[in-house]
Amino acid sequence: GGRTRSRGLSLGVLALCVAAARCLQSQGVSLYIPQPAINATVEEDILLSVDYSCHGIPTIEWKYTSSWGVQKIVEWKPGTQANISQSHKDRVCTFDNGSIQLFSVGVRDSGSYIITVTERLGSSQFGTIVLHVSGSREDSDASSLLKAEYVLVITGSVSIHSSASDKEQRESPAPAPVCTSITRPH
């Protein structure tokens, strides 16, 4: 009865693939995108992850589209030197499975990244990954600060609670004590 189990497994994998990701197929080329949408923060390194299968060695091309228009990022045949466009020199790393890594992304890198895998015989398949880069480094710092404060509160130290109430008092507008020193001499 080992055969039925393996069939069940492959069905499960297929169902998973359809649910969590995009499986794109045309003639001889199939393309798999595990994460069609990615959220990132500025200065992160981002992997645009794909996998493909086809006959022979294909040509892989990545383009970037945004409100500014379409821009070619890179084109290569796995196993050969990638032809990276000037706009992305030193910022892109290619992998033989078709994935690319973007180094130190900025807000301007937000947009759609389109991969096209083309076979020797001419059949091709394309897929899209949408990248959203949020520019607030301060936001992420603030959230980690909140986490630290939260941990301290859990430990139940009274000084944290008192400092929190001090903070509330400090935020309410109060006459600044500096003013008293500017009174005229009698």
# chains A, B, ... in the order shown; residues from 1 in each chain; ligands from 1
call {"tool": "residues_around", "arguments": {"residues": "range 105-110 of chain A", "least_positions_apart": "3", "cutoff": "12 Å", "atoms": "only C-alpha atoms", "output": "number ranges by chain"}}
result
A: 37-48, 63-68, 71, 73, 87-88, 91-92, 101-102, 113, 129-137
call {"tool": "write_last_selection", "arguments": {"atoms": "C-alpha atoms", "output": "PDB file, in the first residue's frame"}}
result
ATOM      1  CA  ALA A  37       3.681  39.686  -2.302  1.00  0.00           C
ATOM      2  CA  ILE A  38       6.531  40.846  -0.069  1.00  0.00           C
ATOM      3  CA  ASN A  39       6.565  43.600   2.551  1.00  0.00           C
ATOM      4  CA  ALA A  40       9.957  45.005   3.479  1.00  0.00           C
ATOM      5  CA  THR A  41      11.574  47.861   5.359  1.00  0.00           C
ATOM      6  CA  VAL A  42      14.226  50.143   3.890  1.00  0.00           C
ATOM      7  CA  GLU A  43      17.794  48.815   3.882  1.00  0.00           C
ATOM      8  CA  GLU A  44      16.650  45.176   4.043  1.00  0.00           C
ATOM      9  CA  ASP A  45      18.017  42.594   1.597  1.00  0.00           C
ATOM     10  CA  ILE A  46      15.092  40.977  -0.198  1.00  0.00           C
ATOM     11  CA  LEU A  47      14.956  37.618  -1.957  1.00  0.00           C
ATOM     12  CA  LEU A  48      12.527  37.501  -4.879  1.00  0.00           C
ATOM     13  CA  LYS A  63      11.750  43.531 -15.201  1.00  0.00           C
ATOM     14  CA  TYR A  64      10.558  46.107 -12.721  1.00  0.00           C
ATOM     15  CA  THR A  65       7.377  48.102 -13.272  1.00  0.00           C
ATOM     16  CA  SER A  66       6.200  51.072 -11.254  1.00  0.00           C
ATOM     17  CA  SER A  67       4.411  54.344 -11.876  1.00  0.00           C
ATOM     18  CA  TRP A  68       7.643  55.470 -13.609  1.00  0.00           C
ATOM     19  CA  GLN A  71      12.777  48.909 -16.361  1.00  0.00           C
ATOM     20  CA  ILE A  73      16.828  44.569 -14.207  1.00  0.00           C
ATOM     21  CA  SER A  87      20.334  50.791 -12.833  1.00  0.00           C
ATOM     22  CA  HIS A  88      20.812  47.715 -10.657  1.00  0.00           C
ATOM     23  CA  ARG A  91      22.445  45.723  -6.084  1.00  0.00           C
ATOM     24  CA  VAL A  92      21.332  42.401  -7.563  1.00  0.00           C
ATOM     25  CA  GLN A 101      18.231  39.073  -4.386  1.00  0.00           C
ATOM     26  CA  LEU A 102      17.979  42.855  -4.052  1.00  0.00           C
ATOM     27  CA  TYR A 113       8.809  42.570 -10.390  1.00  0.00           C
ATOM     28  CA  ILE A 129       6.056  39.480  -7.345  1.00  0.00           C
ATOM     29  CA  VAL A 130       4.807  42.688  -5.758  1.00  0.00           C
ATOM     30  CA  LEU A 131       7.256  44.348  -3.383  1.00  0.00           C
ATOM     31  CA  HIS A 132       6.182  47.000  -0.892  1.00  0.00           C
ATOM     32  CA  VAL A 133       8.976  48.813   0.929  1.00  0.00           C
ATOM     33  CA  SER A 134       7.984  51.015   3.860  1.00  0.00           C
ATOM     34  CA  GLY A 135      10.431  53.813   4.474  1.00  0.00           C
ATOM     35  CA  SER A 136      10.116  54.273   8.199  1.00  0.00           C
ATOM     36  CA  ARG A 137      13.160  52.978   9.968  1.00  0.00           C
TER      37      ARG A 137
END
call {"tool": "closest_residue", "arguments": {"among": "A:Ser123, A:Thr59, A:Thr118, A:Thr128", "to": "Asp96 in chain A", "atoms": "only C-alpha atoms"}}
result
A:Thr59
call {"tool": "atom_distance", "arguments": {"atom1": "CA of Ile100 in chain A", "atom2": "CA of Leu121 in chain A"}}
result
24.1 Å
call {"tool": "residues_around", "arguments": {"residues": "Glu61 in chain A", "least_positions_apart": "4", "cutoff": "10 Å", "atoms": "only C-alpha atoms", "output": "ChimeraX atom specification"}}
result
/A:72-77,82-84,98,114-118,126
call {"tool": "write_last_selection", "arguments": {"atoms": "N, CA, C and O atoms", "output": "PDB file, in the first residue's frame"}}
result
ATOM      1  N   LYS A  72      14.253  47.183 -17.210  1.00  0.00           N
ATOM      2  CA  LYS A  72      14.835  45.841 -17.194  1.00  0.00           C
ATOM      3  C   LYS A  72      15.874  45.781 -16.088  1.00  0.00           C
ATOM      4  O   LYS A  72      16.665  46.712 -15.925  1.00  0.00           O
ATOM      5  N   ILE A  73      15.859  44.703 -15.297  1.00  0.00           N
ATOM      6  CA  ILE A  73      16.828  44.569 -14.207  1.00  0.00           C
ATOM      7  C   ILE A  73      17.980  43.671 -14.638  1.00  0.00           C
ATOM      8  O   ILE A  73      19.140  44.056 -14.559  1.00  0.00           O
ATOM      9  N   VAL A  74      17.638  42.475 -15.108  1.00  0.00           N
ATOM     10  CA  VAL A  74      18.692  41.499 -15.390  1.00  0.00           C
ATOM     11  C   VAL A  74      18.181  40.429 -16.347  1.00  0.00           C
ATOM     12  O   VAL A  74      16.980  40.147 -16.396  1.00  0.00           O
ATOM     13  N   GLU A  75      19.103  39.869 -17.128  1.00  0.00           N
ATOM     14  CA  GLU A  75      18.762  38.734 -17.999  1.00  0.00           C
ATOM     15  C   GLU A  75      19.937  37.779 -17.984  1.00  0.00           C
ATOM     16  O   GLU A  75      21.093  38.200 -18.002  1.00  0.00           O
ATOM     17  N   TRP A  76      19.645  36.480 -17.901  1.00  0.00           N
ATOM     18  CA  TRP A  76      20.733  35.490 -17.918  1.00  0.00           C
ATOM     19  C   TRP A  76      20.207  34.105 -18.212  1.00  0.00           C
ATOM     20  O   TRP A  76      19.020  33.845 -18.113  1.00  0.00           O
ATOM     21  N   LYS A  77      21.141  33.243 -18.616  1.00  0.00           N
ATOM     22  CA  LYS A  77      20.870  31.815 -18.718  1.00  0.00           C
ATOM     23  C   LYS A  77      21.554  31.185 -17.515  1.00  0.00           C
ATOM     24  O   LYS A  77      22.734  31.438 -17.289  1.00  0.00           O
ATOM     25  N   ALA A  82      25.379  36.755 -15.560  1.00  0.00           N
ATOM     26  CA  ALA A  82      24.147  37.536 -15.718  1.00  0.00           C
ATOM     27  C   ALA A  82      24.453  38.907 -16.303  1.00  0.00           C
ATOM     28  O   ALA A  82      25.485  39.511 -16.002  1.00  0.00           O
ATOM     29  N   ASN A  83      23.551  39.373 -17.141  1.00  0.00           N
ATOM     30  CA  ASN A  83      23.684  40.700 -17.739  1.00  0.00           C
ATOM     31  C   ASN A  83      22.795  41.663 -16.941  1.00  0.00           C
ATOM     32  O   ASN A  83      21.598  41.758 -17.179  1.00  0.00           O
ATOM     33  N   ILE A  84      23.393  42.343 -15.958  1.00  0.00           N
ATOM     34  CA  ILE A  84      22.632  43.213 -15.051  1.00  0.00           C
ATOM     35  C   ILE A  84      22.634  44.633 -15.599  1.00  0.00           C
ATOM     36  O   ILE A  84      23.677  45.162 -15.976  1.00  0.00           O
ATOM     37  N   GLY A  98      16.437  30.926 -10.820  1.00  0.00           N
ATOM     38  CA  GLY A  98      15.659  32.051 -11.356  1.00  0.00           C
ATOM     39  C   GLY A  98      15.420  33.160 -10.359  1.00  0.00           C
ATOM     40  O   GLY A  98      14.999  34.254 -10.720  1.00  0.00           O
ATOM     41  N   ILE A 114       8.582  41.461 -12.538  1.00  0.00           N
ATOM     42  CA  ILE A 114       8.048  40.469 -13.462  1.00  0.00           C
ATOM     43  C   ILE A 114       9.186  39.587 -13.965  1.00  0.00           C
ATOM     44  O   ILE A 114      10.171  40.097 -14.505  1.00  0.00           O
ATOM     45  N   ILE A 115       9.043  38.290 -13.761  1.00  0.00           N
ATOM     46  CA  ILE A 115      10.030  37.348 -14.274  1.00  0.00           C
ATOM     47  C   ILE A 115       9.456  36.653 -15.497  1.00  0.00           C
ATOM     48  O   ILE A 115       8.281  36.277 -15.503  1.00  0.00           O
ATOM     49  N   THR A 116      10.280  36.521 -16.541  1.00  0.00           N
ATOM     50  CA  THR A 116       9.889  35.765 -17.719  1.00  0.00           C
ATOM     51  C   THR A 116      10.922  34.666 -17.946  1.00  0.00           C
ATOM     52  O   THR A 116      12.115  34.942 -18.006  1.00  0.00           O
ATOM     53  N   VAL A 117      10.440  33.431 -18.012  1.00  0.00           N
ATOM     54  CA  VAL A 117      11.302  32.283 -18.287  1.00  0.00           C
ATOM     55  C   VAL A 117      10.978  31.813 -19.700  1.00  0.00           C
ATOM     56  O   VAL A 117       9.842  31.445 -19.994  1.00  0.00           O
ATOM     57  N   THR A 118      11.978  31.873 -20.586  1.00  0.00           N
ATOM     58  CA  THR A 118      11.761  31.529 -21.990  1.00  0.00           C
ATOM     59  C   THR A 118      12.624  30.330 -22.390  1.00  0.00           C
ATOM     60  O   THR A 118      13.837  30.351 -22.205  1.00  0.00           O
ATOM     61  N   PHE A 126       5.492  33.888 -17.597  1.00  0.00           N
ATOM     62  CA  PHE A 126       5.910  34.987 -16.721  1.00  0.00           C
ATOM     63  C   PHE A 126       5.114  34.973 -15.428  1.00  0.00           C
ATOM     64  O   PHE A 126       4.039  34.392 -15.341  1.00  0.00           O
TER      65      PHE A 126
END
call {"tool": "select_by_dssp", "arguments": {"residues": "range 21-107 of chain A", "states": "helix (DSSP H, G or I)", "output": "VMD selection string"}}
result
chain A and resid 86 to 88 107
call {"tool": "residues_around", "arguments": {"residues": "Gly28 in chain A", "least_positions_apart": "2", "cutoff": "12 Å", "atoms": "only C-alpha atoms", "output": "number ranges by chain"}}
result
A: 24-26, 30-31, 52-58, 117-125
call {"tool": "closest_residue", "arguments": {"among": "A:Ile60, A:Ser104, A:Ser49, A:Cys93", "to": "Pro34 in chain A", "atoms": "only C-alpha atoms"}}
result
A:Ser49
